[in-house]
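**Q** Please find final31.pdb (PDB, C-alpha atoms) on the next line:
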```
ATOM      1  CA  MET A   1      -6.889  -6.598  -2.043
ATOM      2  CA  TRP A   2      -6.419  -2.939  -1.222
ATOM      3  CA  ALA A   3      -2.836  -1.767  -0.712
ATOM      4  CA  VAL A   4      -1.334   1.626   0.048
ATOM      5  CA  ILE A   5       2.377   2.080  -0.664
ATOM      6  CA  GLY A   6       4.364   4.985   0.720
ATOM      7  CA  GLU A   7       5.970   7.092  -2.000
ATOM      8  CA  ALA A   8       9.394   6.565  -0.421
ATOM      9  CA  ALA A   9       9.247   2.896  -1.491
ATOM     10  CA  LEU A  10       9.133   4.050  -5.121
ATOM     11  CA  TYR A  11      12.335   6.056  -4.736
ATOM     12  CA  GLN A  12      14.447   3.906  -2.438
ATOM     13  CA  GLN A  13      16.478   1.891  -4.911
ATOM     14  CA  VAL A  14      16.988  -1.702  -3.957
ATOM     15  CA  GLY A  15      18.775  -3.709  -6.629
ATOM     16  CA  GLY A  16      19.403  -0.820  -9.001
ATOM     17  CA  PRO A  17      17.346   0.884 -11.705
ATOM     18  CA  GLU A  18      16.531  -2.286 -13.667
ATOM     19  CA  VAL A  19      15.108  -4.041 -10.619
ATOM     20  CA  MET A  20      13.151  -0.922  -9.671
ATOM     21  CA  ARG A  21      11.769  -0.664 -13.213
ATOM     22  CA  GLU A  22      10.591  -4.267 -13.025
ATOM     23  CA  GLN A  23       9.015  -3.667  -9.606
ATOM     24  CA  VAL A  24       7.115  -0.553 -10.710
ATOM     25  CA  ASP A  25       6.027  -2.312 -13.907
ATOM     26  CA  HIS A  26       4.772  -5.212 -11.796
ATOM     27  CA  LEU A  27       2.798  -2.818  -9.573
ATOM     28  CA  LEU A  28       1.132  -1.370 -12.675
ATOM     29  CA  THR A  29       0.279  -4.870 -13.905
ATOM     30  CA  LEU A  30      -1.186  -5.864 -10.540
ATOM     31  CA  SER A  31      -3.144  -2.625 -10.155
ATOM     32  CA  ALA A  32      -4.921  -3.352 -13.455
ATOM     33  CA  ARG A  33      -6.455  -6.517 -12.018
ATOM     34  CA  PRO A  34     -10.152  -6.237 -11.136
ATOM     35  CA  HIS A  35      -9.829  -7.199  -7.463
ATOM     36  CA  VAL A  36      -6.719  -5.143  -6.709
ATOM     37  CA  THR A  37      -6.786  -1.513  -5.611
ATOM     38  CA  LEU A  38      -3.439   0.215  -5.246
ATOM     39  CA  GLN A  39      -2.801   3.710  -3.958
ATOM     40  CA  VAL A  40       0.382   5.680  -3.373
ATOM     41  CA  LEU A  41       0.661   7.686  -0.175
ATOM     42  CA  PRO A  42       2.578  10.795  -1.300
ATOM     43  CA  PHE A  43       5.260  12.578   0.666
ATOM     44  CA  SER A  44       2.886  15.545   0.847
ATOM     45  CA  ALA A  45       0.513  13.530   3.072
ATOM     46  CA  GLY A  46       2.927  14.158   5.933
ATOM     47  CA  ALA A  47       2.477  12.271   9.200
ATOM     48  CA  HIS A  48      -0.195   9.580   9.026
ATOM     49  CA  PRO A  49      -1.564   6.799  11.235
ATOM     50  CA  GLY A  50       0.726   4.195   9.642
ATOM     51  CA  VAL A  51       3.940   6.064  10.364
ATOM     52  CA  ASP A  52       4.685   3.676  13.254
ATOM     53  CA  GLY A  53       4.994   0.717  10.898
ATOM     54  CA  ALA A  54       3.321  -1.592   8.439
ATOM     55  CA  PHE A  55       0.147  -3.457   9.219
ATOM     56  CA  THR A  56      -2.382  -5.545   7.334
ATOM     57  CA  VAL A  57      -6.125  -5.682   7.880
ATOM     58  CA  LEU A  58      -7.369  -9.211   7.232
ATOM     59  CA  SER A  59     -11.110  -9.255   6.612
ATOM     60  CA  PHE A  60     -13.048 -12.458   6.133
ATOM     61  CA  PRO A  61     -16.490 -13.158   4.710
ATOM     62  CA  PRO A  62     -19.161 -13.124   5.868
ATOM     63  CA  GLN A  63     -19.153  -9.516   6.981
ATOM     64  CA  ASP A  64     -20.055 -10.440  10.541
ATOM     65  CA  GLU A  65     -16.687 -12.164  11.051
ATOM     66  CA  GLN A  66     -14.166 -10.214  13.115
ATOM     67  CA  ASP A  67     -11.214  -8.596  11.316
ATOM     68  CA  VAL A  68      -7.694  -9.636  12.274
ATOM     69  CA  ILE A  69      -4.768  -7.216  12.210
ATOM     70  CA  LEU A  70      -1.274  -8.386  11.296
ATOM     71  CA  VAL A  71       1.395  -6.031  12.646
ATOM     72  CA  ASP A  72       4.804  -6.484  11.029
ATOM     73  CA  ALA A  73       7.885  -6.319  13.218
ATOM     74  CA  MET A  74      11.549  -7.005  12.549
ATOM     75  CA  THR A  75      11.757 -10.291  14.444
ATOM     76  CA  SER A  76       8.144 -11.427  14.593
ATOM     77  CA  ASN A  77       4.552 -10.635  13.703
ATOM     78  CA  LEU A  78       1.695  -9.803  15.995
ATOM     79  CA  TYR A  79      -1.916 -10.780  15.338
ATOM     80  CA  LEU A  80      -4.553  -8.594  16.995
ATOM     81  CA  GLU A  81      -8.104  -9.869  17.265
ATOM     82  CA  SER A  82      -9.950  -7.839  19.909
ATOM     83  CA  GLU A  83     -12.663  -5.508  18.634
ATOM     84  CA  GLN A  84     -11.027  -2.527  20.363
ATOM     85  CA  GLN A  85      -7.651  -3.162  18.704
ATOM     86  CA  THR A  86      -8.918  -4.054  15.248
ATOM     87  CA  SER A  87     -11.297  -1.097  15.038
ATOM     88  CA  ARG A  88      -8.416   1.323  15.667
ATOM     89  CA  TYR A  89      -6.370  -0.182  12.830
ATOM     90  CA  VAL A  90      -9.343  -0.248  10.447
ATOM     91  CA  LEU A  91      -9.937   3.432  11.202
ATOM     92  CA  ALA A  92      -6.226   4.153  10.687
ATOM     93  CA  PHE A  93      -6.325   2.394   7.303
ATOM     94  CA  ASP A  94      -9.389   4.437   6.317
ATOM     95  CA  HIS A  95      -7.450   7.629   7.123
ATOM     96  CA  ILE A  96      -4.399   6.418   5.188
ATOM     97  CA  ARG A  97      -6.521   5.602   2.130
ATOM     98  CA  ALA A  98      -8.151   9.032   2.330
ATOM     99  CA  SER A  99      -4.709  10.705   2.416
ATOM    100  CA  ALA A 100      -3.361   8.649  -0.487
ATOM    101  CA  LEU A 101      -3.552   9.546  -4.157
ATOM    102  CA  GLY A 102      -6.685   8.475  -5.997
ATOM    103  CA  ILE A 103      -6.575   5.501  -8.350
ATOM    104  CA  PRO A 104      -5.954   7.523 -11.568
ATOM    105  CA  GLU A 105      -3.337   9.682  -9.815
ATOM    106  CA  THR A 106      -1.608   6.580  -8.465
ATOM    107  CA  ASP A 107      -1.506   5.075 -11.947
ATOM    108  CA  GLU A 108      -0.019   8.282 -13.328
ATOM    109  CA  ARG A 109       2.575   8.465 -10.535
ATOM    110  CA  LEU A 110       3.649   4.858 -11.200
ATOM    111  CA  ARG A 111       3.910   5.522 -14.946
ATOM    112  CA  ARG A 112       6.121   8.550 -14.278
ATOM    113  CA  MET A 113       8.292   6.436 -11.974
ATOM    114  CA  LEU A 114       8.549   3.799 -14.700
ATOM    115  CA  GLN A 115       9.791   6.491 -17.091
ATOM    116  CA  THR A 116      12.357   7.535 -14.493
ATOM    117  CA  TYR A 117      13.769   4.021 -14.307
ATOM    118  CA  THR A 118      13.686   3.370 -18.057
ATOM    119  CA  GLY A 119      15.219   6.741 -18.959
ATOM    120  CA  THR A 120      12.396   7.653 -21.353
ATOM    121  CA  PRO A 121      11.287  11.299 -21.584
ATOM    122  CA  ASP A 122       7.944  12.507 -20.212
TER     123      ASP A 122
END
```
What do you get writing this file as structure tokens?

**A**
Amino acid sequence: MWAVIGEAALYQQVGGPEVMREQVDHLLTLSARPHVTLQVLPFSAGAHPGVDGAFTVLSFPPQDEQDVILVDAMTSNLYLESEQQTSRYVLAFDHIRASALGIPETDERLRRMLQTYTGTPD
């Protein structure tokens, strides 16, 4: 699994500092797993191809199987399967990943956020 989380999600408190601390700690735990890659898309990345909303690229083995795109909406989800549609989203995700922090920088950012929510000094 490869996930990119916008930096705003790390700052928007939902449930208070204790809940946020647990969430950031959980992200660090998950990102340490061998088949999980997590990146943070920083505020400094500016406008990006995902600014219109969240989407998921579902890829299936073998490699010659067509990707499926899941577009999240408030009242429903949309599954896109045409080559033209899926290729645009895959390209968008590639651009988002390239704009996001690297793996070590993401880990460091999450650790700093954890310190923010636990009240420990840098």

**Q** Name every residue that the PyMOL selection byres ((chain A and resi 111-121) around 8) selects in this structure, writing the answer as a PyMOL selection string with chains first and numbers rising.

**A** chain A and resi 10+17-18+20-21+24-25+28+107-110+122

**Q** Write out as a PDB file with C-alpha atoms, in the coordinates of the input each polymer residue whose atoms come within 9 Å of Leu80 (chain A), counting only C-alpha atoms; drop sequence neighbours fewer than 3 positions from it.

**A**
```
ATOM      1  CA  ASP A  67     -11.214  -8.596  11.316  1.00  0.00           C
ATOM      2  CA  VAL A  68      -7.694  -9.636  12.274  1.00  0.00           C
ATOM      3  CA  ILE A  69      -4.768  -7.216  12.210  1.00  0.00           C
ATOM      4  CA  LEU A  70      -1.274  -8.386  11.296  1.00  0.00           C
ATOM      5  CA  VAL A  71       1.395  -6.031  12.646  1.00  0.00           C
ATOM      6  CA  GLU A  83     -12.663  -5.508  18.634  1.00  0.00           C
ATOM      7  CA  GLN A  85      -7.651  -3.162  18.704  1.00  0.00           C
ATOM      8  CA  THR A  86      -8.918  -4.054  15.248  1.00  0.00           C
TER       9      THR A  86
END
```

**Q** Which residue gives the smallest distance to Val90 (chain A) among A:Asp72, A:Gln63, A:Thr106, A:Thr56, with all atoms listed in the file counted?

**A**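 With all atoms listed in the file as the atom set, the closest residue is A:Thr56.
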
**Q** To verify the selection step, state as a ChimeraX atom specification which residues the PyMOL selection byres ((chain A and resi 96) around 12) yields on this input.

**A** /A:2-6,39-42,45-51,54-55,89-95,97-102

**Q** Pick out the closest residue to Glu7 (chain A) from this set: A:Gln23, A:Thr37, A:Gln84, A:Ser44. Count only C-alpha atoms.

**A**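 Of the candidates, the smallest distance to Glu7 (chain A) is held by A:Ser44.
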
**Q** Quote the spacing between CA of Asn77 (chain A) and CA of Ser59 (chain A) in Å to one decimal place.

**A**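 CA of Ser59 (chain A) lies at a distance of 17.2 Å from CA of Asn77 (chain A).
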
**Q** Work out how far CA of Glu105 (chain A) is from CA of Ala32 (chain A), in Å to one decimal.

**A**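 Those two atoms sit 13.6 Å apart.
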
**Q** Calculate how many Å separate CA of Val36 (chain A) from CA of Ile103 (chain A), rounding to one decimal.

**A**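 CA of Ile103 (chain A) lies 10.8 Å from CA of Val36 (chain A).
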
**Q** Using all atoms listed in the file, find the one residue out of A:Ala9, A:Ser76, A:Gly15, A:Met1 that sits nearest to His35 (chain A).

**A**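 Closest to His35 (chain A), using all atoms listed in the file: A:Met1.
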